[in-house]
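Source file run15.tsv; content: TSV, C-alpha atoms.
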```
chain	number	residue	atom	x	y	z
A	6	MET	CA	-12.19	-40.28	-14.29
A	7	LEU	CA	-11.27	-39.48	-17.91
A	8	SER	CA	-10.53	-35.85	-17.03
A	9	LYS	CA	-8.18	-36.98	-14.23
A	10	VAL	CA	-6.34	-39.31	-16.62
A	11	ILE	CA	-5.97	-36.49	-19.16
A	12	SER	CA	-4.75	-34.12	-16.44
A	13	ALA	CA	-2.19	-36.66	-15.26
A	14	ALA	CA	-0.96	-37.14	-18.81
A	15	TYR	CA	-0.55	-33.40	-19.28
A	16	LEU	CA	1.31	-33.17	-15.97
A	17	ALA	CA	3.71	-35.91	-17.04
A	18	LEU	CA	4.39	-34.12	-20.32
A	19	TRP	CA	4.94	-30.86	-18.44
A	20	VAL	CA	7.47	-32.45	-16.06
A	21	SER	CA	9.32	-33.90	-19.03
A	22	SER	CA	9.26	-30.55	-20.81
A	23	CYS	CA	10.47	-28.65	-17.76
A	24	THR	CA	13.31	-31.11	-17.24
A	25	SER	CA	14.43	-30.64	-20.84
A	26	THR	CA	14.07	-26.84	-20.71
A	27	SER	CA	15.86	-26.58	-17.39
A	28	ALA	CA	18.83	-28.56	-18.67
A	29	GLU	CA	19.24	-26.03	-21.45
A	30	ASP	CA	18.58	-22.84	-19.46
A	31	PRO	CA	19.94	-22.35	-15.93
A	32	PHE	CA	17.74	-19.27	-15.50
A	33	MET	CA	14.64	-21.35	-16.14
A	34	THR	CA	15.90	-23.94	-13.68
A	35	ARG	CA	16.22	-21.22	-11.06
A	36	ALA	CA	12.86	-19.71	-12.00
A	37	LEU	CA	11.04	-23.00	-11.50
A	38	GLN	CA	12.80	-23.50	-8.17
A	39	LEU	CA	11.73	-20.08	-6.92
A	40	MET	CA	8.17	-20.70	-8.13
A	41	SER	CA	8.10	-23.91	-6.07
A	42	GLU	CA	8.98	-21.86	-2.98
A	43	THR	CA	6.79	-18.78	-3.49
A	44	PRO	CA	3.34	-18.71	-5.09
A	45	LEU	CA	2.94	-16.93	-8.39
A	46	ILE	CA	-0.07	-14.68	-7.69
A	47	ASP	CA	-1.65	-13.19	-10.79
A	48	GLY	CA	-3.86	-10.14	-10.34
A	49	HIS	CA	-6.28	-10.55	-13.24
A	50	ASN	CA	-7.62	-13.34	-15.44
A	51	ASP	CA	-10.83	-13.17	-17.47
A	52	LEU	CA	-11.54	-16.89	-17.86
A	53	PRO	CA	-14.97	-16.41	-16.17
A	54	TRP	CA	-15.93	-13.94	-18.89
A	55	GLN	CA	-14.87	-16.43	-21.56
A	56	LEU	CA	-17.08	-19.03	-19.87
A	57	ARG	CA	-20.00	-16.63	-20.26
A	58	LYS	CA	-19.16	-15.61	-23.83
A	59	GLN	CA	-18.53	-19.11	-25.11
A	60	PHE	CA	-20.83	-21.24	-22.95
A	61	ASN	CA	-23.26	-18.83	-21.25
A	62	ASN	CA	-21.77	-20.04	-17.94
A	63	GLU	CA	-23.03	-23.61	-18.55
A	64	LEU	CA	-20.02	-25.08	-16.81
A	65	ASN	CA	-21.44	-28.60	-17.09
A	66	LYS	CA	-20.77	-28.38	-20.83
A	67	VAL	CA	-17.10	-27.45	-20.32
A	68	ASP	CA	-14.07	-29.54	-19.40
A	69	LEU	CA	-11.29	-27.24	-18.22
A	70	ASN	CA	-8.83	-30.10	-18.68
A	71	THR	CA	-9.31	-30.07	-22.44
A	72	LEU	CA	-10.70	-26.59	-23.21
A	73	GLY	CA	-8.69	-25.28	-26.16
A	74	THR	CA	-10.34	-21.96	-27.00
A	75	THR	CA	-8.95	-19.92	-24.10
A	76	HIS	CA	-5.59	-18.75	-22.79
A	77	THR	CA	-6.35	-20.63	-19.58
A	78	ASN	CA	-7.12	-24.26	-18.80
A	79	ILE	CA	-6.00	-26.70	-16.11
A	80	PRO	CA	-2.93	-28.13	-17.94
A	81	LYS	CA	-1.77	-24.59	-18.80
A	82	ILE	CA	-2.29	-23.50	-15.18
A	83	LYS	CA	-0.15	-26.37	-13.94
A	84	GLU	CA	2.56	-25.78	-16.52
A	85	GLY	CA	2.60	-22.08	-15.67
A	86	ARG	CA	2.96	-22.82	-11.95
A	87	LEU	CA	0.01	-20.56	-11.12
A	88	GLY	CA	-0.12	-20.43	-7.33
A	89	ALA	CA	-3.02	-18.02	-6.93
A	90	GLN	CA	-5.36	-16.22	-9.29
A	91	PHE	CA	-7.72	-13.30	-8.91
A	92	TRP	CA	-10.49	-14.35	-11.29
A	93	SER	CA	-12.27	-11.36	-12.76
A	94	ALA	CA	-16.01	-11.03	-12.24
A	95	TYR	CA	-16.44	-8.71	-15.21
A	96	VAL	CA	-19.55	-7.55	-17.05
A	97	PRO	CA	-19.56	-4.87	-19.78
A	98	CYS	CA	-20.33	-1.22	-19.23
A	99	GLU	CA	-23.47	-1.70	-21.32
A	100	THR	CA	-25.02	-3.39	-18.27
A	101	GLN	CA	-24.74	-0.21	-16.19
A	102	TYR	CA	-28.17	1.03	-15.01
A	103	LYS	CA	-29.64	-2.25	-16.28
A	104	ASP	CA	-28.70	-5.72	-15.05
A	105	ALA	CA	-25.06	-5.24	-13.98
A	106	VAL	CA	-25.61	-6.55	-10.44
A	107	ARG	CA	-27.35	-9.73	-11.61
A	108	GLN	CA	-24.75	-10.45	-14.26
A	109	THR	CA	-21.90	-9.82	-11.81
A	110	LEU	CA	-23.44	-12.20	-9.28
A	111	GLU	CA	-23.58	-14.81	-12.02
A	112	GLN	CA	-19.86	-14.29	-12.70
A	113	ILE	CA	-19.12	-14.68	-8.99
A	114	ASP	CA	-21.22	-17.84	-9.03
A	115	VAL	CA	-19.32	-19.37	-11.94
A	116	VAL	CA	-16.01	-18.94	-10.07
A	117	HIS	CA	-17.47	-20.74	-7.05
A	118	ARG	CA	-18.78	-23.53	-9.28
A	119	MET	CA	-15.43	-23.82	-11.05
A	120	CYS	CA	-13.74	-24.42	-7.70
A	121	GLN	CA	-16.39	-26.95	-6.72
A	122	LYS	CA	-16.12	-28.85	-10.01
A	123	TYR	CA	-12.32	-29.10	-9.89
A	124	PRO	CA	-11.42	-29.33	-6.18
A	125	GLU	CA	-8.18	-31.15	-6.98
A	126	THR	CA	-6.96	-28.05	-8.86
A	127	PHE	CA	-8.67	-25.00	-7.32
A	128	MET	CA	-9.23	-23.89	-3.74
A	129	PHE	CA	-11.53	-20.94	-3.18
A	130	ALA	CA	-9.63	-18.30	-1.19
A	131	THR	CA	-10.46	-15.03	0.53
A	132	SER	CA	-7.35	-14.24	2.58
A	133	SER	CA	-3.56	-14.18	2.59
A	134	LYS	CA	-3.64	-17.30	4.78
A	135	ASP	CA	-5.88	-19.11	2.30
A	136	ILE	CA	-3.40	-18.38	-0.50
A	137	MET	CA	-0.56	-20.02	1.40
A	138	ASP	CA	-2.74	-22.92	2.53
A	139	ALA	CA	-3.68	-23.64	-1.10
A	140	PHE	CA	-0.05	-23.32	-2.22
A	141	ASN	CA	1.05	-25.82	0.41
A	142	MET	CA	-1.61	-28.23	-0.89
A	143	ASN	CA	-0.38	-27.76	-4.47
A	144	LYS	CA	-3.65	-26.11	-5.51
A	145	THR	CA	-4.34	-22.79	-7.21
A	146	ALA	CA	-5.87	-20.37	-4.71
A	147	SER	CA	-8.88	-18.81	-6.41
A	148	LEU	CA	-9.89	-15.30	-5.40
A	149	ILE	CA	-12.42	-12.95	-6.98
A	150	GLY	CA	-12.04	-9.38	-8.15
A	151	VAL	CA	-15.00	-7.41	-9.50
A	152	GLU	CA	-13.86	-5.42	-12.52
A	153	GLY	CA	-15.84	-2.20	-12.60
A	154	GLY	CA	-17.74	-0.11	-10.08
A	155	HIS	CA	-20.80	-0.17	-12.35
A	156	SER	CA	-21.30	-3.71	-11.00
A	157	LEU	CA	-22.39	-2.22	-7.65
A	158	ASP	CA	-25.21	-0.04	-9.03
A	159	SER	CA	-23.94	2.64	-6.61
A	160	SER	CA	-24.89	0.59	-3.54
A	161	LEU	CA	-22.79	0.07	-0.42
A	162	GLY	CA	-25.11	-2.79	0.47
A	163	THR	CA	-24.21	-4.50	-2.81
A	164	LEU	CA	-20.51	-3.92	-2.05
A	165	ARG	CA	-20.89	-5.61	1.33
A	166	THR	CA	-22.89	-8.49	-0.14
A	167	MET	CA	-20.22	-9.14	-2.75
A	168	TYR	CA	-17.57	-9.12	-0.03
A	169	GLN	CA	-19.56	-11.76	1.83
A	170	LEU	CA	-19.59	-13.81	-1.39
A	171	GLY	CA	-15.78	-13.73	-1.45
A	172	VAL	CA	-14.93	-10.68	-3.55
A	173	ARG	CA	-11.59	-9.29	-2.39
A	174	TYR	CA	-10.99	-6.43	-4.77
A	175	LEU	CA	-13.05	-3.93	-6.70
A	176	THR	CA	-11.74	-2.14	-9.78
A	177	LEU	CA	-13.35	1.25	-9.23
A	178	THR	CA	-14.27	1.75	-12.89
A	179	HIS	CA	-13.97	-0.15	-16.12
A	180	SER	CA	-14.08	1.89	-19.35
A	181	CYS	CA	-17.05	4.03	-18.34
A	182	ASN	CA	-17.72	6.61	-15.66
A	183	THR	CA	-19.90	5.57	-12.75
A	184	PRO	CA	-22.14	8.02	-10.86
A	185	TRP	CA	-19.25	8.44	-8.42
A	186	ALA	CA	-15.90	7.94	-10.25
A	187	ASP	CA	-14.19	8.89	-13.52
A	188	ASN	CA	-12.64	6.21	-15.74
A	189	TRP	CA	-9.30	6.27	-17.59
A	190	LEU	CA	-10.82	7.40	-20.90
A	191	VAL	CA	-11.35	10.84	-19.33
A	192	ASP	CA	-7.55	11.27	-19.38
A	193	THR	CA	-7.51	10.60	-23.14
A	194	GLY	CA	-9.98	13.43	-23.75
A	195	SER	CA	-12.48	11.04	-25.35
A	196	GLU	CA	-14.92	11.29	-22.42
A	197	PRO	CA	-15.77	14.22	-20.15
A	198	SER	CA	-14.97	14.21	-16.45
A	199	GLN	CA	-18.10	13.98	-14.34
A	200	HIS	CA	-16.60	14.15	-10.86
A	201	SER	CA	-13.07	15.59	-11.13
A	202	GLY	CA	-12.05	12.17	-9.86
A	203	LEU	CA	-14.25	10.85	-7.05
A	204	SER	CA	-17.59	12.22	-5.92
A	205	PRO	CA	-18.41	12.44	-2.18
A	206	PHE	CA	-20.11	9.04	-2.47
A	207	GLY	CA	-17.02	7.66	-4.20
A	208	LYS	CA	-15.00	8.71	-1.17
A	209	GLN	CA	-17.54	7.05	1.10
A	210	LEU	CA	-17.04	3.85	-0.86
A	211	ILE	CA	-13.26	3.97	-0.40
A	212	VAL	CA	-13.71	4.25	3.37
A	213	GLU	CA	-16.17	1.34	3.40
A	214	MET	CA	-13.79	-0.82	1.35
A	215	ASN	CA	-11.09	-0.14	3.96
A	216	ARG	CA	-13.52	-1.15	6.72
A	217	LEU	CA	-14.35	-4.40	4.92
A	218	GLY	CA	-10.77	-5.27	4.02
A	219	MET	CA	-11.50	-5.19	0.28
A	220	LEU	CA	-8.58	-4.18	-1.92
A	221	ILE	CA	-9.00	-1.00	-3.99
A	222	ASP	CA	-7.97	-1.60	-7.60
A	223	LEU	CA	-7.00	1.52	-9.57
A	224	ALA	CA	-6.31	-0.22	-12.89
A	225	HIS	CA	-8.96	1.59	-14.95
A	226	VAL	CA	-9.29	5.02	-13.34
A	227	THR	CA	-8.05	8.53	-14.08
A	228	GLU	CA	-4.84	9.87	-12.59
A	229	ALA	CA	-6.98	12.19	-10.44
A	230	VAL	CA	-8.77	9.18	-8.93
A	231	MET	CA	-5.43	7.43	-8.38
A	232	ASN	CA	-4.12	10.37	-6.36
A	233	GLN	CA	-7.34	10.94	-4.42
A	234	VAL	CA	-7.45	7.30	-3.33
A	235	LEU	CA	-3.75	7.32	-2.43
A	236	ASP	CA	-4.44	10.41	-0.33
A	237	MET	CA	-7.25	8.89	1.68
A	238	SER	CA	-7.03	5.08	1.77
A	239	ALA	CA	-5.83	3.60	5.05
A	240	ALA	CA	-4.87	0.40	3.22
A	241	PRO	CA	-2.42	-0.01	0.33
A	242	VAL	CA	-3.91	-0.12	-3.17
A	243	ILE	CA	-3.39	-2.40	-6.14
A	244	PHE	CA	-3.24	-1.95	-9.89
A	245	SER	CA	-4.39	-5.47	-10.79
A	246	HIS	CA	-3.42	-5.30	-14.48
A	247	SER	CA	-1.53	-2.15	-15.50
A	248	SER	CA	1.97	-1.46	-16.75
A	249	ALA	CA	4.45	1.45	-16.75
A	250	TYR	CA	3.41	4.65	-18.57
A	251	SER	CA	7.01	5.74	-19.16
A	252	ILE	CA	7.65	2.58	-21.20
A	253	CYS	CA	4.33	2.68	-23.05
A	254	PRO	CA	2.44	6.00	-22.75
A	255	HIS	CA	-1.05	4.54	-22.70
A	256	LYS	CA	-3.52	6.03	-20.20
A	257	ARG	CA	-4.25	2.55	-18.82
A	258	ASN	CA	-0.68	2.48	-17.52
A	259	VAL	CA	0.77	4.02	-14.36
A	260	PRO	CA	2.85	7.23	-14.50
A	261	ASP	CA	6.09	7.52	-12.53
A	262	ASN	CA	4.75	10.02	-10.01
A	263	VAL	CA	2.01	7.55	-9.09
A	264	LEU	CA	4.49	4.65	-8.97
A	265	ILE	CA	6.45	6.59	-6.35
A	266	ARG	CA	3.29	7.15	-4.31
A	267	VAL	CA	2.37	3.46	-4.57
A	268	ASN	CA	5.76	2.67	-3.07
A	269	GLU	CA	5.30	5.22	-0.30
A	270	THR	CA	1.91	3.72	0.62
A	271	GLY	CA	2.94	0.06	0.33
A	272	GLY	CA	0.86	-0.88	-2.73
A	273	ILE	CA	1.51	-2.92	-5.86
A	274	VAL	CA	1.39	-2.57	-9.66
A	275	MET	CA	0.78	-5.92	-11.39
A	276	VAL	CA	2.17	-5.83	-14.92
A	277	ASN	CA	-0.30	-6.36	-17.78
A	278	PHE	CA	0.85	-8.45	-20.77
A	279	TYR	CA	-1.51	-6.92	-23.37
A	280	ASN	CA	0.61	-5.80	-26.33
A	281	ASP	CA	-1.15	-2.44	-26.54
A	282	TYR	CA	-0.08	-1.66	-22.95
A	283	VAL	CA	3.38	-3.22	-23.29
A	284	THR	CA	4.68	-1.57	-26.48
A	285	CYS	CA	1.72	0.64	-27.48
A	286	SER	CA	1.62	-1.43	-30.68
A	287	LYS	CA	0.16	-4.69	-31.92
A	288	THR	CA	3.34	-6.72	-31.31
A	289	ALA	CA	5.55	-7.38	-28.29
A	290	ASN	CA	7.84	-9.99	-26.82
A	291	ILE	CA	9.00	-11.24	-23.44
A	292	SER	CA	11.84	-8.72	-23.27
A	293	HIS	CA	9.37	-5.87	-23.70
A	294	VAL	CA	7.32	-7.17	-20.76
A	295	ALA	CA	10.46	-7.44	-18.63
A	296	ASP	CA	11.23	-3.81	-19.46
A	297	HIS	CA	8.11	-2.82	-17.50
A	298	PHE	CA	9.21	-4.88	-14.50
A	299	ASP	CA	12.65	-3.26	-14.68
A	300	HIS	CA	11.23	0.25	-14.92
A	301	ILE	CA	8.83	-0.16	-12.02
A	302	LYS	CA	11.65	-1.60	-9.91
A	303	LYS	CA	13.94	1.29	-10.87
A	304	VAL	CA	11.37	3.99	-10.06
A	305	ALA	CA	9.58	2.50	-7.07
A	306	GLY	CA	11.48	-0.58	-5.96
A	307	ALA	CA	11.03	-4.33	-6.31
A	308	GLY	CA	8.48	-4.22	-3.48
A	309	VAL	CA	5.91	-2.58	-5.76
A	310	VAL	CA	5.78	-4.94	-8.75
A	311	GLY	CA	3.71	-8.04	-9.49
A	312	PHE	CA	2.09	-10.09	-12.26
A	313	GLY	CA	-1.28	-9.16	-13.80
A	314	GLY	CA	-1.29	-10.88	-17.19
A	315	ASP	CA	-4.90	-10.13	-18.21
A	316	TYR	CA	-5.14	-13.51	-19.93
A	317	ASP	CA	-8.48	-14.24	-21.59
A	318	GLY	CA	-9.32	-10.56	-21.42
A	319	VAL	CA	-7.12	-9.36	-24.29
A	320	THR	CA	-6.79	-10.12	-27.98
A	321	ARG	CA	-3.03	-9.69	-28.44
A	322	LEU	CA	-0.23	-11.15	-26.31
A	323	PRO	CA	3.57	-11.01	-26.62
A	324	GLU	CA	5.42	-13.61	-28.63
A	325	GLY	CA	6.35	-16.35	-26.18
A	326	LEU	CA	3.57	-15.45	-23.72
A	327	GLU	CA	0.60	-16.79	-25.67
A	328	ASP	CA	-1.11	-18.40	-22.67
A	329	VAL	CA	-0.75	-18.84	-18.90
A	330	SER	CA	1.64	-21.76	-19.30
A	331	LYS	CA	4.37	-19.38	-20.52
A	332	VAL	CA	4.65	-17.10	-17.45
A	333	PRO	CA	7.79	-18.83	-16.08
A	334	LYS	CA	9.62	-17.39	-19.09
A	335	VAL	CA	9.15	-13.90	-17.65
A	336	VAL	CA	10.61	-15.07	-14.32
A	337	ALA	CA	13.62	-16.54	-16.11
A	338	GLU	CA	14.10	-13.29	-18.04
A	339	LEU	CA	14.12	-11.26	-14.81
A	340	LEU	CA	16.80	-13.56	-13.39
A	341	ARG	CA	18.75	-13.22	-16.62
A	342	ARG	CA	18.63	-9.43	-16.11
A	343	GLY	CA	20.17	-9.69	-12.66
A	344	TRP	CA	17.14	-9.71	-10.37
A	345	THR	CA	17.97	-11.34	-7.06
A	346	ASP	CA	16.06	-14.31	-5.71
A	347	GLU	CA	14.38	-12.12	-3.10
A	348	GLU	CA	13.34	-9.55	-5.69
A	349	VAL	CA	11.84	-12.27	-7.88
A	350	LYS	CA	9.99	-13.79	-4.92
A	351	ALA	CA	8.63	-10.35	-4.08
A	352	ALA	CA	7.26	-9.94	-7.60
A	353	LEU	CA	5.94	-13.50	-7.75
A	354	GLY	CA	3.72	-13.25	-4.72
A	355	ASN	CA	5.26	-11.82	-1.57
A	356	ASN	CA	4.33	-8.25	-2.53
A	357	LEU	CA	0.66	-9.10	-3.03
A	358	LEU	CA	0.62	-11.14	0.18
A	359	ARG	CA	2.00	-8.11	2.04
A	360	VAL	CA	-0.64	-5.80	0.53
A	361	LEU	CA	-3.52	-8.16	1.30
A	362	SER	CA	-2.23	-8.76	4.82
A	363	LYS	CA	-2.07	-5.01	5.46
A	364	ALA	CA	-5.64	-4.55	4.18
A	365	GLU	CA	-6.71	-7.31	6.57
A	366	LYS	CA	-4.89	-5.55	9.41
A	367	VAL	CA	-6.65	-2.26	8.62
A	368	ARG	CA	-9.98	-4.13	8.54
A	369	ASP	CA	-9.28	-5.68	11.93
A	370	GLY	CA	-8.44	-2.26	13.35
A	371	LEU	CA	-11.82	-0.95	12.18
A	372	LYS	CA	-13.92	-3.78	13.62
A	373	GLY	CA	-15.67	-1.44	16.04
A	374	LYS	CA	-16.84	0.81	13.23
A	375	SER	CA	-20.41	0.41	11.96
A	376	PRO	CA	-21.13	-0.18	8.26
A	377	ASP	CA	-21.84	2.98	6.29
A	378	ASP	CA	-25.55	2.88	5.44
A	379	VAL	CA	-25.93	6.40	4.00
A	380	PRO	CA	-27.03	5.90	0.37
A	381	ILE	CA	-25.90	7.84	-2.66
A	382	PRO	CA	-28.12	10.91	-3.22
A	383	TYR	CA	-31.02	9.90	-5.44
A	384	ASP	CA	-30.49	12.79	-7.84
A	385	GLU	CA	-27.05	11.31	-8.68
A	386	VAL	CA	-28.49	7.96	-9.80
A	387	LYS	CA	-31.97	8.86	-10.97
A	388	ASN	CA	-32.91	7.14	-14.21
A	389	SER	CA	-35.86	5.37	-15.81
A	390	CYS	CA	-34.77	1.96	-14.52
A	391	ARG	CA	-34.41	2.99	-10.87
A	392	THR	CA	-37.09	3.42	-8.23
A	393	SER	CA	-36.82	5.83	-5.29
A	394	TYR	CA	-38.14	3.66	-2.45
A	395	GLY	CA	-36.67	4.83	0.85
A	396	TYR	CA	-35.60	8.26	-0.38
A	397	ARG	CA	-37.38	11.29	1.04
A	398	ASN	CA	-35.24	14.41	0.66
A	399	ALA	CA	-32.21	14.00	-1.58
A	400	GLY	CA	-30.62	17.23	-0.34
A	401	ALA	CA	-30.80	16.12	3.28
A	402	VAL	CA	-29.31	12.75	2.38
A	403	HIS	CA	-26.39	14.48	0.65
A	404	SER	CA	-25.69	16.70	3.67
A	405	LEU	CA	-25.74	13.72	6.00
A	406	SER	CA	-23.52	11.77	3.63
A	407	THR	CA	-20.89	14.53	3.58
A	408	LEU	CA	-20.91	14.93	7.36
A	409	ALA	CA	-20.59	11.19	7.86
A	410	LEU	CA	-17.67	11.08	5.43
A	411	VAL	CA	-15.76	13.84	7.25
A	412	LEU	CA	-16.23	12.14	10.62
A	413	THR	CA	-15.28	8.74	9.20
A	414	LEU	CA	-12.10	10.04	7.58
A	415	ALA	CA	-11.03	11.64	10.85
A	416	LEU	CA	-11.59	8.36	12.71
A	417	GLN	CA	-9.81	6.37	10.03
A	418	ALA	CA	-6.78	8.66	10.09
A	419	PHE	CA	-6.50	8.11	13.82
A	420	ILE	CA	-6.75	4.33	13.45
A	421	THR	CA	-4.17	4.31	10.65
A	422	LEU	CA	-1.69	6.08	12.90
A	423	THR	CA	-2.25	3.51	15.65
A	424	VAL	CA	-1.85	0.39	13.44
A	425	SER	CA	1.07	1.60	11.30
```

Could you take the file, read its structure, and then write that structure out as C-alpha cells?
Amino acid sequence: MLSKVISAAYLALWVSSCTSTSAEDPFMTRALQLMSETPLIDGHNDLPWQLRKQFNNELNKVDLNTLGTTHTNIPKIKEGRLGAQFWSAYVPCETQYKDAVRQTLEQIDVVHRMCQKYPETFMFATSSKDIMDAFNMNKTASLIGVEGGHSLDSSLGTLRTMYQLGVRYLTLTHSCNTPWADNWLVDTGSEPSQHSGLSPFGKQLIVEMNRLGMLIDLAHVTEAVMNQVLDMSAAPVIFSHSSAYSICPHKRNVPDNVLIRVNETGGIVMVNFYNDYVTCSKTANISHVADHFDHIKKVAGAGVVGFGGDYDGVTRLPEGLEDVSKVPKVVAELLRRGWTDEEVKAALGNNLLRVLSKAEKVRDGLKGKSPDDVPIPYDEVKNSCRTSYGYRNAGAVHSLSTLALVLTLALQAFITLTVS
C-alpha cells in the first residue's frame, strides 16, 4: 500500500512538472502529446544487471518505487513516458565457458519477477501486439534481450529455450569473441579475429533465429559480422544500443555503409546515450545525442532510427539525460530541429514495431521448417569445463552442419521471396 501511495505522489508531481514545462516550451508540449499517441520503445536497459550487482537479484529487498541508486525506477519510468523496454539479460564475458547459461537464466528470471511484483506498472511482452496492448493499458511493455552470444554456450537448444522463456533478441556478441562470432574489439585491433566474422555454426544460428522470430542484434559485433548477417538474414536486424560512426568514430557505432544497408533491409539503429559513443569523450549534451538522430535520418531515413539509451549499463550520460525520466527532452529537441510528427513517431516506436512485426511474419512463414538440431562441432568448443556426451565424430558433424546450412539458406531465400 505504501509503495502505491508513493507512486501516486510521484505521478502527481510529474503531472504538475509536465504542465509547467509544457507551458514554457511548445516543443515539449508537442513531444508529450506524441508520446501519448505512440509508445516510446527503448532497445536496451541494464536495470536487471544493477539488481544483480546491488542486491544479488533479491528483489524482495528492493522497492522500485523508491530505489535511488539507478538510472531507472518506477517514478522515472512514468515521467519518461516509457512505453516499452527491452530489459537486458546480461552477464559478463568472464562467465563464458563457465556458468553463463545459469547466470543468464537468473537474469531472465528477475525480469519475470519484476513484472509479477509490479503488475500495475509492467506487463511482460513477447510480441508487437503485446507492446500495443500494454501501451493501451498505460503499462510499460517489458521484453527481454540477451546481451551476448556467450550466454548460449554455443547451443541452439539453449537459444530455443530462452525464446520460450520470452527472449526476443540476442546480441550476437558482447565484448568477447564466441566460438562462432567476432566481437567489435576485433575492429579496434585489440583482439584477433577468430572467424573472419561468423563461423558456419554462427550462420546456422542466424537461420535458427529467423525461424524462431528472434531479433538479431548487431550492437557489439564487427563490421564483417554486420555485413554477413545483412546478407543472409530473412528478417530485418536491430542495433539495440549503437550510434552513428560518422558523428563519433567509435567501433561500437554504425558506419554509413551499414546504415544504408539497414535501410535497404528494413532494420533499425537505436541510438545509445553513452557519452563515449555520442561524442567520443567524457562529456556530452542533448544536442549531441540529437546529432546522431539527424545523421542516421540523413543517411538512411527516419524509418531506421530509434531509442536505445543504455541506461544503467553506462557510467557517463549527457547533461540533461541523467536518467530515464529525461528522454522526452530528446523528442522535444528533434521537433525543435524540424522533425515531422510522423518522423518522431517512427523513431519513438513505430520503426521497432515494424521490425518486430516483420520478424514475426518471417517466423510464421517458416512454421513448416524443423528446428536445427545439428550441434556445433565439438573441436570448436572443447575445453576443460565441457563434456562430449553425444558427440562421436566431430568431422562428420561439421560436414553435416555445413550441408544442412546450405540447404536451409536455399529454402529460406525462397520463403523470403514469397513473403516479401

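Nearest residue to Pro97 (chain A) among A:Tyr316, A:Tyr282, A:Trp54, A:Phe127 is A:Trp54, counting all atoms listed in the file.
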
One decimal, Å: what's the distance from CA of Val67 (chain A) over to CA of Tyr168 (chain A), could you say?
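These atoms are spaced 27.3 Å apart.
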
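A straight line drawn from CA of His49 (chain A) to CA of Val115 (chain A) is 15.8 Å long.
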
With distances taken over all atoms listed in the file, which of A:Leu190, A:Leu157, A:Met128, A:Val259 is nearest to Ile243 (chain A)?
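Smallest distance to Ile243 (chain A) is found for A:Val259.
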
10 Å contact set for Arg216 (chain A), all atoms listed in the file, chain neighbours under 6 positions out, as JSON, numbers by chain
{"A": [210, 239, 240, 364, 365, 367, 368, 369, 370, 371, 372, 373, 374, 375, 376, 377, 417]}

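Among the candidate residues A:Asp30, A:Glu338, A:Asp192, A:Glu111, the one lying nearest to Glu63 (chain A) is A:Glu111, with distances computed using all atoms listed in the file.
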
Looking at A:Ser132, A:Asn188, A:Ser247, A:Ser286, which one is nearest to Pro260 (chain A), with distances taken over only C-alpha atoms?
A:Ser247

Got a sec: who's within 10 Å of Asn78 (chain A), counting all atoms listed in the file, leaving out chain neighbours fewer than 2 positions off, as a PDB file with C-alpha atoms, in the frame of the given file?
```
ATOM      1  CA  LEU A  52     -11.540 -16.890 -17.860  1.00  0.00           C
ATOM      2  CA  ASP A  68     -14.070 -29.540 -19.400  1.00  0.00           C
ATOM      3  CA  LEU A  69     -11.290 -27.240 -18.220  1.00  0.00           C
ATOM      4  CA  ASN A  70      -8.830 -30.100 -18.680  1.00  0.00           C
ATOM      5  CA  THR A  71      -9.310 -30.070 -22.440  1.00  0.00           C
ATOM      6  CA  LEU A  72     -10.700 -26.590 -23.210  1.00  0.00           C
ATOM      7  CA  GLY A  73      -8.690 -25.280 -26.160  1.00  0.00           C
ATOM      8  CA  THR A  74     -10.340 -21.960 -27.000  1.00  0.00           C
ATOM      9  CA  THR A  75      -8.950 -19.920 -24.100  1.00  0.00           C
ATOM     10  CA  HIS A  76      -5.590 -18.750 -22.790  1.00  0.00           C
ATOM     11  CA  PRO A  80      -2.930 -28.130 -17.940  1.00  0.00           C
ATOM     12  CA  LYS A  81      -1.770 -24.590 -18.800  1.00  0.00           C
ATOM     13  CA  ILE A  82      -2.290 -23.500 -15.180  1.00  0.00           C
ATOM     14  CA  LYS A  83      -0.150 -26.370 -13.940  1.00  0.00           C
ATOM     15  CA  ASP A 328      -1.110 -18.400 -22.670  1.00  0.00           C
ATOM     16  CA  VAL A 329      -0.750 -18.840 -18.900  1.00  0.00           C
ATOM     17  CA  SER A 330       1.640 -21.760 -19.300  1.00  0.00           C
TER      18      SER A 330
END
```

What is the distance, in Å and to one decimal place, between CA of Gly311 (chain A) and CA of Lys366 (chain A)?
20.9 Å

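Minimum atom-to-atom distances from A:Ile265, A:Ala94, A:Met137, A:Leu339 to Asp299 (chain A) were compared using all atoms listed in the file, and the lowest value belongs to A:Leu339.
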
For Ala89 (chain A), please output as a count of residues only all residues within 12 Å (counting all atoms listed in the file; exclusion window: fewer than 6 positions along the same chain).
42

Can you tell me, as a PDB file with C-alpha atoms, keeping the file's coordinate frame, what residues are no more than 8 Å from Thr183 (chain A) when counting all atoms listed in the file, ignoring any on the same chain fewer than 3 positions away?
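Result file follows (selection38.pdb):
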```pdb
ATOM      1  CA  GLY A 154     -17.740  -0.110 -10.080  1.00  0.00           C
ATOM      2  CA  HIS A 155     -20.800  -0.170 -12.350  1.00  0.00           C
ATOM      3  CA  SER A 159     -23.940   2.640  -6.610  1.00  0.00           C
ATOM      4  CA  THR A 178     -14.270   1.750 -12.890  1.00  0.00           C
ATOM      5  CA  ALA A 186     -15.900   7.940 -10.250  1.00  0.00           C
ATOM      6  CA  ASP A 187     -14.190   8.890 -13.520  1.00  0.00           C
ATOM      7  CA  ASN A 188     -12.640   6.210 -15.740  1.00  0.00           C
TER       8      ASN A 188
END
```
